[in-house]
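J.: Below are the structure tokens for one structure; questions will follow.
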Amino acid sequence: MLDEKGFDLWADGYDSSVGLSDESDSYPFAGYRDILNEIYCKVMSRPGCSVLEIGFGTGTLAKRLYDQGIAVYGQDFSQQMIDIAKEKMPEAHLYKGDFADGLVRQLKERSYDFITATYSLHHLNDAQKLVFLKELYEHLEKGGMILIGDVGFETRAELEKLREQEGDAFDDEEFYFAAVQFRDDFPSLRFEQKSVCGGIITIERI
Ligand SMILES: C[S@@+](CC[C@H](N)C(=O)[O-])C[C@H]1O[C@@H](n2cnc3c(N)ncnc32)[C@H](O)[C@@H]1O
């Protein structure tokens with residue numbers, strides 16, 4: 001699994017390597033642009049909202065929202081990713097911190113209309129994801145939404161099928177979503193499959 005230094009090294013070539021996997025419709029980034037685009041549209045349906053982006057990377061999604069006047073907050077643990085994103089979004093509230101330890105203090109001080117996480121939460125195992133998602137839920141405004149775009153499926157059986165299909169290419173150090181496993185804790189959770197291996201999870205605060 002990549003640690004913060006690994007992501008520092010990946011930062012400069014990140015956008016092009018993701019683009020190649022998306023264009024070839026292959027694991028792990030098949031559907032990447034469509035998934036980010038759909039999340040962008042969902043956020044933009046509430047003009048003037050606030051967004052907390054978890055693992056914002058080079059700011060691919062956050063920058064588009066920022067350019068539309070959305071108040072962007074974020075947490076990432078790679079200094080190199082933060083530097084790239086900060087240059088694109090000088091007024092955004094971007095903080096360094098490992099989300100395995102939860103939100104950093106400054107981000108805990110308010111709630112958000114949307115909390116987005118694209119291709120980042122698979123760095124937590126399922127038990128860690130549950131703890132963190134519960135924390136994030138507490139920082140949603142009423143009617144607010146957590147929007148997760150990532151490698152994932154509705155069921156674990158589908159995820160296991162991907163593992164078989166990909167063989168050695170499957171990254172055993174990443175923990176992809178099987179949405180059904182989180183529904184007991186988040187009854188409002190919805191999952192939409194968007195590509196051969198990617199989807200969007202929506203959790204609304206009701
Ligand atoms: C695959 S990139 C995704 C970036 C961006 N969200 C996107 O969709 O292109 C994963 C990002 O999550 C960050 N990340 C991974 N594990 C993290 C952790 N434990 N705490 C904070 N950030 C983390 C990495 O530094 C990286 O910027």
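Here, A, B, ... name the chains of the structure tokens in the order displayed, residue numbers run from 1 inside each chain, and ligands are numbered from 1 in the same displayed order.
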Which residues, written as number ranges by chain, have at least one atom at most 6 Å from segment 200-203 of chain A, with only C-alpha atoms counted and residues fewer than 4 positions away on the same chain left out?

T.: A: 145-149, 188-192

J.: Gln181 of chain A: which residues within 9 Å, counting only C-alpha atoms, same-chain residues fewer than 2 positions away excluded, as a list in words?

T.: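 Non-adjacent residues within range: Asp126, Glu154, Thr155, Arg156, Phe177, Ala178, Ala179, Arg183, Asp184 and Asp185 of chain A.
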
J.: Please give me, as a ChimeraX atom specification, the residues lying within 8 Å of ligand 1 when counting only C-alpha atoms and all ligand atoms.

T.: /A:2-4,7-8,11,14-15,18,32,36,53-61,75-79,81-82,96-101,117-121,123-124,149

J.: Run DSSP on the backbone and tell me which residues of segment 15-200 of chain A come out as strand (DSSP E or B); list them as a PDB file with C-alpha atoms, in the first residue's frame.

T.:
```
ATOM      1  CA  SER A  50     -19.687  23.684   1.067  1.00  0.00           C
ATOM      2  CA  VAL A  51     -17.657  20.589   0.206  1.00  0.00           C
ATOM      3  CA  LEU A  52     -15.134  18.604   2.190  1.00  0.00           C
ATOM      4  CA  GLU A  53     -12.969  16.475  -0.131  1.00  0.00           C
ATOM      5  CA  ILE A  54     -11.228  13.492   1.481  1.00  0.00           C
ATOM      6  CA  ALA A  71     -16.264  26.599  -0.622  1.00  0.00           C
ATOM      7  CA  VAL A  72     -13.723  23.782  -0.763  1.00  0.00           C
ATOM      8  CA  TYR A  73     -12.223  22.101   2.304  1.00  0.00           C
ATOM      9  CA  GLY A  74      -9.957  19.086   2.142  1.00  0.00           C
ATOM     10  CA  GLN A  75      -7.655  16.606   3.838  1.00  0.00           C
ATOM     11  CA  ASP A  76      -4.805  14.617   2.302  1.00  0.00           C
ATOM     12  CA  HIS A  93      -8.964  25.174   3.096  1.00  0.00           C
ATOM     13  CA  LEU A  94      -6.585  22.259   2.565  1.00  0.00           C
ATOM     14  CA  TYR A  95      -5.058  20.382   5.482  1.00  0.00           C
ATOM     15  CA  LYS A  96      -2.459  17.676   5.877  1.00  0.00           C
ATOM     16  CA  TYR A 112     -20.537  20.395   5.288  1.00  0.00           C
ATOM     17  CA  ASP A 113     -23.260  20.116   2.663  1.00  0.00           C
ATOM     18  CA  PHE A 114     -21.242  17.468   0.822  1.00  0.00           C
ATOM     19  CA  ILE A 115     -18.336  15.251   1.759  1.00  0.00           C
ATOM     20  CA  THR A 116     -16.709  13.720  -1.312  1.00  0.00           C
ATOM     21  CA  ALA A 117     -14.077  10.992  -1.528  1.00  0.00           C
ATOM     22  CA  THR A 118     -12.937   9.737  -4.916  1.00  0.00           C
ATOM     23  CA  LEU A 140     -22.854  16.532   7.422  1.00  0.00           C
ATOM     24  CA  GLU A 141     -25.502  19.216   7.442  1.00  0.00           C
ATOM     25  CA  LYS A 142     -29.037  17.842   7.610  1.00  0.00           C
ATOM     26  CA  GLY A 143     -29.914  16.752   4.073  1.00  0.00           C
ATOM     27  CA  GLY A 144     -26.193  16.714   3.266  1.00  0.00           C
ATOM     28  CA  MET A 145     -24.538  13.826   1.469  1.00  0.00           C
ATOM     29  CA  ILE A 146     -21.377  11.749   1.525  1.00  0.00           C
ATOM     30  CA  LEU A 147     -20.516  10.947  -2.120  1.00  0.00           C
ATOM     31  CA  ILE A 148     -17.901   8.241  -2.643  1.00  0.00           C
ATOM     32  CA  GLY A 149     -16.586   7.412  -6.107  1.00  0.00           C
ATOM     33  CA  ASP A 150     -14.318   4.372  -6.094  1.00  0.00           C
ATOM     34  CA  VAL A 151     -13.671   0.842  -7.199  1.00  0.00           C
ATOM     35  CA  GLY A 152     -16.629  -1.050  -5.782  1.00  0.00           C
ATOM     36  CA  PHE A 153     -19.687  -3.198  -6.188  1.00  0.00           C
ATOM     37  CA  PHE A 177     -16.202  -1.316  -1.344  1.00  0.00           C
ATOM     38  CA  ALA A 178     -18.906  -3.953  -1.211  1.00  0.00           C
ATOM     39  CA  ARG A 190     -27.364   3.920  -2.225  1.00  0.00           C
ATOM     40  CA  PHE A 191     -24.933   2.304  -4.661  1.00  0.00           C
ATOM     41  CA  GLU A 192     -24.838   2.896  -8.433  1.00  0.00           C
ATOM     42  CA  GLN A 193     -22.519   0.817 -10.630  1.00  0.00           C
ATOM     43  CA  GLY A 198     -16.317   1.583 -10.385  1.00  0.00           C
ATOM     44  CA  GLY A 199     -19.374   3.051  -8.737  1.00  0.00           C
ATOM     45  CA  ILE A 200     -20.830   5.803  -6.591  1.00  0.00           C
TER      46      ILE A 200
END
```

J.: Atom CA of Lys108 of chain A and atom CA of Asp12 of chain A are how many Å apart?

T.: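 Separation of atom CA of Lys108 of chain A and atom CA of Asp12 of chain A: 29.6 Å.
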
J.: Output as a PyMOL selection string all residues of chain A that backbone DSSP marks as helix (DSSP H, G or I).

T.: chain A and resi 4-23+32-44+60-67+79-88+99-101+105-109+121-123+126-138+156-169+179-182

J.: Quick check, in Å to one decimal: how far apart do atom CA of Glu138 of chain A and atom CA of Tyr176 of chain A lie?

T.: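 So the answer is 22.9 Å.
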
J.: Write out as number ranges by chain which residues come within 10 Å of Ser21 of chain A when counting only C-alpha atoms, dropping same-chain ones fewer than 6 positions away.

T.: A: 27-32

J.: A:Leu20, A:Val104, A:Ala127, A:Cys197: which is nearest Ile35 of chain A, counting only C-alpha atoms?

T.: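 Ranked by minimum distance to Ile35 of chain A, first place goes to A:Cys197.
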
J.: Restricting the calculation to only C-alpha atoms, which member of A:Ser16, A:Ser195, A:Ser111, A:Gln68 is positioned closest to His139 of chain A?

T.: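 Selected residue with least distance to His139 of chain A: A:Ser111.
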